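**Q** The structure's right below; bear with me while I get my questions together.
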Amino acid sequence: MRLQQLIPFLLVPWLLTAAHANPYEMTLKNGMRVIVKEDRRAPTAVQMVWYRVGSVDEVDGTSGVAHVLEHMMFKGTPSVGPGEFNKRVAAAGGRDNAFTSRDYTAYYQQVPKEKLEEMMQLEADRMRHLNVDAKEFEQEIKVVMEERRMRTDDNPQSKLFEQMTAVAFQAHPYRRPIIGWMNDLETMTVADAKAWYDTWYVPNNAYAVITGDVDHHAVFALAEKYYGPLEGRALPVRKAQTEPTQEGVRKVSVKAPAELPVLIMGYKAPVLRDVEKDSEPYALDMLSAILDGHDAARFNKKLVRENKVALSVGIDYDATGRGPGMLYLHGTPSEGKTVADLEAALRAEIAHVQKDGVSEQELKRAKAQLLASQVYKLDSMFGQAMEIGQNESAGIPYQKISRMLEKLQQVTAAEIQAVAQKYFNDDALTIGVLDPQPLDGKARRPAVATRH
Amino acid sequence: MKKLLTAVITLLLAQAALAGVKIEHWVSPTGARVYFVESRVLPMLDVQVDFAAGSMFDPAGKSSLAALTLSVLDLGAGKLDETAIAEQMADIGANLGGGADTDRASVYLRTLSSKDKREPALEILRTVLHQPLFDAAILEREKARTIAGLKEAMTRPDSIAGKAFWAAMYPNHPYGQQASPETVATLTRDDLARFHARYYTAANASITLVGDISRDEAAAIAESIVAGLPKGEAAKLPLPPPQPKGSLVKLAHPASQAHVYIGLPAIERGNPDFFPLLVGNYTLGGGGFVSRLMKEVRDKRGYAYSVFSHFAPLKQTGPFQIGLQTKRSQANDAIKVAREVLDGFVKDGPTEEELTAAKANLTGSFPLRLDSNKKLLDNAAVIGFYGLPLDYLDQYQGRIQAVTVNDIKQAFSRHVRPADLITVTVAAD
């Protein structure tokens, strides 16, 4: 299960695509693409509409506006009143929500299959006809501030991650949190949200992914009917924003009420741009699986079970994305151990890979897990739509997903050792430490390092 | 590889096999209850073994024993140490997991269904269930990790609120017992071994299988799991929880948001009032974006990102609960609004229009509850563990359609008495 989390969006039914044309694709005249994956195991369907716009497209002073607009998308159009969107989905026996990331904003409905048409009609309506209402905005911005308090301000780990990201990236917009800085939320106006909508919510900046018990011909006809009439418009030029090369280790610490310290070590790392030519992201993915893909993988076995230097430890690496990549090592030291002890232990494991590489058996194991997870992934229709949508958002056509899996299966131990040597480099490292504080403000006993 | 390819394609062609879910049920010769759904679409198998061995069976003063017993099961069993178990599962791409709640301890296996994968995976599952070693050194390590996790949880406003809420609702019942670093520290290897011997038995087990195997194969697998368990006897339940008086618990915390829970012990699994309460609660606070609580607390006033109400029926009287988080300075205002919504609903029930909308969603969304093997497994396991009727899923939509406004008012007046509500706040000004 943990491998699925590590490499969540590379796991796809290439066994199936090899034998069928499924998924199917069309492009409307206005530039909107529609991707349909037929899966008839149950009488349900998922519609997702993805906009190629996320917090990465924001500018200073209005951070968080992509996410605020996502909230406003439920506030009505001339033909669908405020709150009516949710009501209609509910009446159809559906579930719906939306999510905003650095790279994209996506909206989805899960419904009984016969309700898909109504969902397409609703989603098409709000693509171009949203009423960005001042009174609705006034309430909703408060909701978003509560969301920020819950997700970040009162969550020590999130706060650490937010601070760390702001230090790791100095020029690239990834430095800003998706939810937005609180001050930007406080000063945001309805005009900011409206401008965002008018600029980015056009069919040529969107694609629909539909999975489930549907016929692709029928879905294409519905797409023509509802999305087809919407007018496209030229998008603003998006200039490439390149993060300057980091030239030395960066450190940040955050104090927050908590019991346990947290250490995050984030290294700048490559992401996949060319499925055929690139090789390093595949090697980093397999390295992550070998270090952290199951309970007896190197990190947990050594640091949690044997040395007992950590209560928990892990790796996060996403091989796809519009912007620059990072690979994170993270963990919490055991009682009596310090973050310095944990950092040393993590560095020792990395040095071990750099010096001695990984074994063929470990690599084979990671590949077996990957292969099995491709079958398990088919159990979720929502997951299948997510995987297509996310890869597309990062500029990777869904047709290439099967090729990515082949490439992962071809990774060699030598390639893994080479990426370990190249990317675990202190000059490109940002270290974040959560410094836990007592709830009552009184000093706690000193955390002394003990040796065994 | 080629074999796998053929299997996937053949089975996908045999589509729409899940129109009506057929749960097969039998009692194994050694006494365990078995539930099986044949699903040939994907070449995989899910097996869940549930024991009445949740935290409600923690002996007094030994909180966390149930959870720790479950979590140590796969850290060494039979001739396999913890590394061998994890590596061998990974080698065949199988996942072994589990979890313990108040009622159940569940061990869960997902494996590819081809024999060369599923047989070794099942062999490890059996070893873990039958012969856990409870190694003393590993137990000490896991106790230390559990204690650290508990200490961390005691700094989080949401965890603090949750623990205080359950303690206040169940002052004289195991549901209210809270694990603490002190109780975990006292647990010994013998405690775990005894707990395992008492509760991980055939008579106390239900086994649920979903996936790409035949009825006969399912029976053989279930029997092989049960055969290695002691026959034992079903767990004995404590006396039902008494209804405490309404109260307010206010705890200090430096967080920027107050966490609020309002509720009381309400119903047990199988209670005939479940459907009126389910349908009614959809309008009150269960229906996501369209509920009254969401409309009043979030949409109209911007008080909270998340606000909900739900019933959690358990083996014994489980809670009704409202939850929200809001800026600490406006906690009292938010509570006032939530209480007005609740009191109004308990008094008058939903409008006919709201009732129609609730039924439309709850019956219309039924296919979404069953559109994956994992969801089938979860549903069948609940039916099995709690002994719900086998046709529970077939009856589900009809039972919802039959609910009237009056049924809802009566059921709420029986189970959600405003005077008895317990309110817990953490970090409210």
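Within each chain, counting starts at residue 1; across the structure tokens, chains are named A, B, ... in the order shown, with ligands numbered 1 upward in that order.
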Skip region 133-144 of chain A itself and residues of its chain fewer than 2 positions away, then list as a list in words all residues within 7 Å of it, counting only C-alpha atoms.

**A**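 The residues that qualify are Val68, Lys75, Asn131, Glu146, Glu147, Arg148 and Val190 of chain A; Arg298, Asp299, Lys300, Arg301, Gly302, Tyr303, Ala304 and Tyr305 of chain B.
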
**Q** Show me which bits of chain A are within 6 Å of chain B, counting only C-alpha atoms, as a list in words.

**A**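 Using only C-alpha atoms, chain A residues at most 6 Å from chain B: Arg40, Arg41, Ala42, Ala90, Ala91, Gly93, Gly94, Gln139, Lys142, Val143, Glu146, Glu147, Asp154, Ala258, Glu259, Asp295, Ala296, Leu311, Arg365, Ala368, Gln369, Ala372 and Asp379 of chain A.
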
**Q** Determine, counting only C-alpha atoms, which protein, DNA and RNA residues have an atom within 12 Å of an atom of Ala351 (chain A); residues of the same chain fewer than 2 positions away are not included. Present the result as number ranges by chain.

**A** A: 344-349, 353-358, 417-418, 420-425

**Q** As a PyMOL selection string, please: the residues near Gly384 (chain B) (cut-off 8 Å, only C-alpha atoms, same-chain neighbours under 5 positions excluded).

**A** chain B and resi 33-35+206-208

**Q** Please provide the set of residues having any atom within 9 Å of Glu276 (chain A), restricted to only C-alpha atoms, with same-chain residues fewer than 6 positions apart removed, written as JSON, numbers by chain.

**A** {"A": [403, 404, 407]}

**Q** Please, could you write that set of residues out with all heavy atoms as a compact mmCIF listing (two decimals), in the first residue's frame?

**A**
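The new file selection_16.txt reads:
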```txt
# COMPACT_ATOMS: atom_id res chain seq x y z
N ARG A 403 4.04 3.67 -21.03
CA ARG A 403 5.47 3.72 -21.31
C ARG A 403 6.27 4.07 -20.04
O ARG A 403 7.36 3.54 -19.81
CB ARG A 403 5.70 4.79 -22.40
CG ARG A 403 7.11 4.88 -22.90
CD ARG A 403 7.51 3.64 -23.69
NE ARG A 403 8.94 3.73 -24.03
CZ ARG A 403 9.81 2.75 -23.89
NH1 ARG A 403 9.42 1.56 -23.46
NH2 ARG A 403 11.08 2.93 -24.22
N MET A 404 5.71 4.95 -19.22
CA MET A 404 6.38 5.30 -17.97
C MET A 404 6.55 4.07 -17.08
O MET A 404 7.56 3.89 -16.42
CB MET A 404 5.57 6.35 -17.22
CG MET A 404 5.62 7.73 -17.86
SD MET A 404 4.28 8.79 -17.29
CE MET A 404 4.68 8.95 -15.59
N LYS A 407 9.28 1.99 -18.37
CA LYS A 407 10.57 2.62 -18.02
C LYS A 407 10.93 2.35 -16.55
O LYS A 407 12.09 2.13 -16.22
CB LYS A 407 10.48 4.13 -18.25
CG LYS A 407 10.44 4.53 -19.72
CD LYS A 407 11.84 4.51 -20.27
CE LYS A 407 11.97 5.38 -21.50
NZ LYS A 407 13.38 5.41 -21.97
```

**Q** What residues in region 135-349 of chain B get the DSSP label helix (DSSP H, G or I)? Please answer as a count of residues only.

**A** 112

**Q** Tell me, which residues of region 228-315 of chain B carry DSSP strand (DSSP E or B), written as a count of residues only?

**A** 23

**Q** Write out as a ChimeraX atom specification which residues come within 12 Å of Glu224 (chain A) when counting only C-alpha atoms, dropping same-chain ones fewer than 2 positions away.

**A** /A:26-34,117,120-121,124,203,217-222,226-230

**Q** Please report the interatomic distance between CA of Arg95 (chain A) and CA of Gln109 (chain A) in Å with one decimal.

**A**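 Separation of CA of Arg95 (chain A) and CA of Gln109 (chain A): 5.6 Å.
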
**Q** From the options B:Arg292, B:Lys117, B:Arg104, B:Lys336, which residue's atoms come nearest to Phe308 (chain B), counting only C-alpha atoms?

**A**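 The shortest atom-to-atom distance to Phe308 (chain B) comes from B:Arg292.
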
**Q** What does the distance from CA of Leu264 (chain B) to CA of Pro174 (chain B) come to in Å, to one decimal?

**A**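 It comes out at 15.3 Å.
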
**Q** Quick one: everything within 9 Å of Ala168 (chain A), counting only C-alpha atoms, minus sequence neighbours fewer than 3 positions away in the same chain. Send it as a PDB file with N, CA, C and O atoms, in the first residue's frame.

**A**
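File written: around14.pdb
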```pdb
ATOM      1  N   GLN A 163       6.725  26.814   5.714  1.00  0.00           N
ATOM      2  CA  GLN A 163       7.909  27.665   5.913  1.00  0.00           C
ATOM      3  C   GLN A 163       9.095  27.145   5.112  1.00  0.00           C
ATOM      4  O   GLN A 163       9.867  27.899   4.528  1.00  0.00           O
ATOM      5  N   MET A 164       9.219  25.824   5.118  1.00  0.00           N
ATOM      6  CA  MET A 164      10.341  25.218   4.435  1.00  0.00           C
ATOM      7  C   MET A 164      10.273  25.442   2.924  1.00  0.00           C
ATOM      8  O   MET A 164      11.269  25.726   2.270  1.00  0.00           O
ATOM      9  N   THR A 165       9.080  25.328   2.387  1.00  0.00           N
ATOM     10  CA  THR A 165       8.901  25.525   0.948  1.00  0.00           C
ATOM     11  C   THR A 165       9.223  26.968   0.572  1.00  0.00           C
ATOM     12  O   THR A 165       9.813  27.241  -0.487  1.00  0.00           O
ATOM     13  N   ARG A 175       7.038  28.756  -4.079  1.00  0.00           N
ATOM     14  CA  ARG A 175       7.343  29.200  -2.713  1.00  0.00           C
ATOM     15  C   ARG A 175       6.089  29.611  -1.946  1.00  0.00           C
ATOM     16  O   ARG A 175       6.095  29.650  -0.724  1.00  0.00           O
ATOM     17  N   GLN A 246      20.473  26.626  -6.327  1.00  0.00           N
ATOM     18  CA  GLN A 246      20.782  26.765  -4.895  1.00  0.00           C
ATOM     19  C   GLN A 246      22.266  26.490  -4.683  1.00  0.00           C
ATOM     20  O   GLN A 246      22.809  25.544  -5.252  1.00  0.00           O
ATOM     21  N   ARG A 250      20.267  25.314   3.240  1.00  0.00           N
ATOM     22  CA  ARG A 250      19.384  26.288   3.879  1.00  0.00           C
ATOM     23  C   ARG A 250      18.686  25.622   5.051  1.00  0.00           C
ATOM     24  O   ARG A 250      18.344  24.447   4.983  1.00  0.00           O
ATOM     25  N   LYS A 251      18.478  26.415   6.104  1.00  0.00           N
ATOM     26  CA  LYS A 251      17.861  25.830   7.302  1.00  0.00           C
ATOM     27  C   LYS A 251      16.735  26.717   7.808  1.00  0.00           C
ATOM     28  O   LYS A 251      16.846  27.936   7.773  1.00  0.00           O
ATOM     29  N   GLY A 266      14.826  18.409   2.481  1.00  0.00           N
ATOM     30  CA  GLY A 266      14.319  18.485   1.106  1.00  0.00           C
ATOM     31  C   GLY A 266      15.439  18.786   0.119  1.00  0.00           C
ATOM     32  O   GLY A 266      16.159  19.774   0.264  1.00  0.00           O
ATOM     33  N   TYR A 267      15.584  17.907  -0.868  1.00  0.00           N
ATOM     34  CA  TYR A 267      16.612  18.086  -1.899  1.00  0.00           C
ATOM     35  C   TYR A 267      15.949  18.472  -3.212  1.00  0.00           C
ATOM     36  O   TYR A 267      14.930  17.888  -3.592  1.00  0.00           O
ATOM     37  N   LYS A 268      16.500  19.423  -3.907  1.00  0.00           N
ATOM     38  CA  LYS A 268      16.038  19.725  -5.252  1.00  0.00           C
ATOM     39  C   LYS A 268      16.245  18.464  -6.113  1.00  0.00           C
ATOM     40  O   LYS A 268      17.303  17.820  -6.027  1.00  0.00           O
ATOM     41  N   ALA A 428      22.088  21.644  -2.475  1.00  0.00           N
ATOM     42  CA  ALA A 428      20.700  21.757  -2.941  1.00  0.00           C
ATOM     43  C   ALA A 428      19.722  21.298  -1.857  1.00  0.00           C
ATOM     44  O   ALA A 428      18.598  20.915  -2.131  1.00  0.00           O
ATOM     45  N   LEU A 429      20.175  21.345  -0.604  1.00  0.00           N
ATOM     46  CA  LEU A 429      19.398  20.816   0.523  1.00  0.00           C
ATOM     47  C   LEU A 429      18.767  21.939   1.347  1.00  0.00           C
ATOM     48  O   LEU A 429      19.422  22.940   1.638  1.00  0.00           O
ATOM     49  N   THR A 430      17.517  21.752   1.726  1.00  0.00           N
ATOM     50  CA  THR A 430      16.869  22.633   2.696  1.00  0.00           C
ATOM     51  C   THR A 430      16.426  21.768   3.869  1.00  0.00           C
ATOM     52  O   THR A 430      15.777  20.738   3.667  1.00  0.00           O
ATOM     53  N   ILE A 431      16.807  22.189   5.062  1.00  0.00           N
ATOM     54  CA  ILE A 431      16.467  21.418   6.255  1.00  0.00           C
ATOM     55  C   ILE A 431      15.441  22.183   7.073  1.00  0.00           C
ATOM     56  O   ILE A 431      15.636  23.355   7.397  1.00  0.00           O
TER      57      ILE A 431
END
```

**Q** In terms of the shortest atom-to-atom distance over only C-alpha atoms, which of B:Ser28, B:Ser329, B:Ser106, B:Gln316 is closest to Asp378 (chain B)?

**A**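 Using only C-alpha atoms, Asp378 (chain B) sits closest to B:Ser106.
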
**Q** With only C-alpha atoms as the basis for distance, which of A:Leu263, A:Ala208, A:Val254, A:Ile396 is at the shortest distance from Ala106 (chain A)?

**A**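 Ranking A:Leu263, A:Ala208, A:Val254, A:Ile396 by distance to Ala106 (chain A), first place goes to A:Ala208.
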
**Q** Which residue is closest to Pro436 (chain A)? Choose from A:Ala340, A:Ala319, A:Leu303, A:Leu160 and count only C-alpha atoms.

**A**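 Answer, going by the shortest atom-to-atom distance: A:Leu160.
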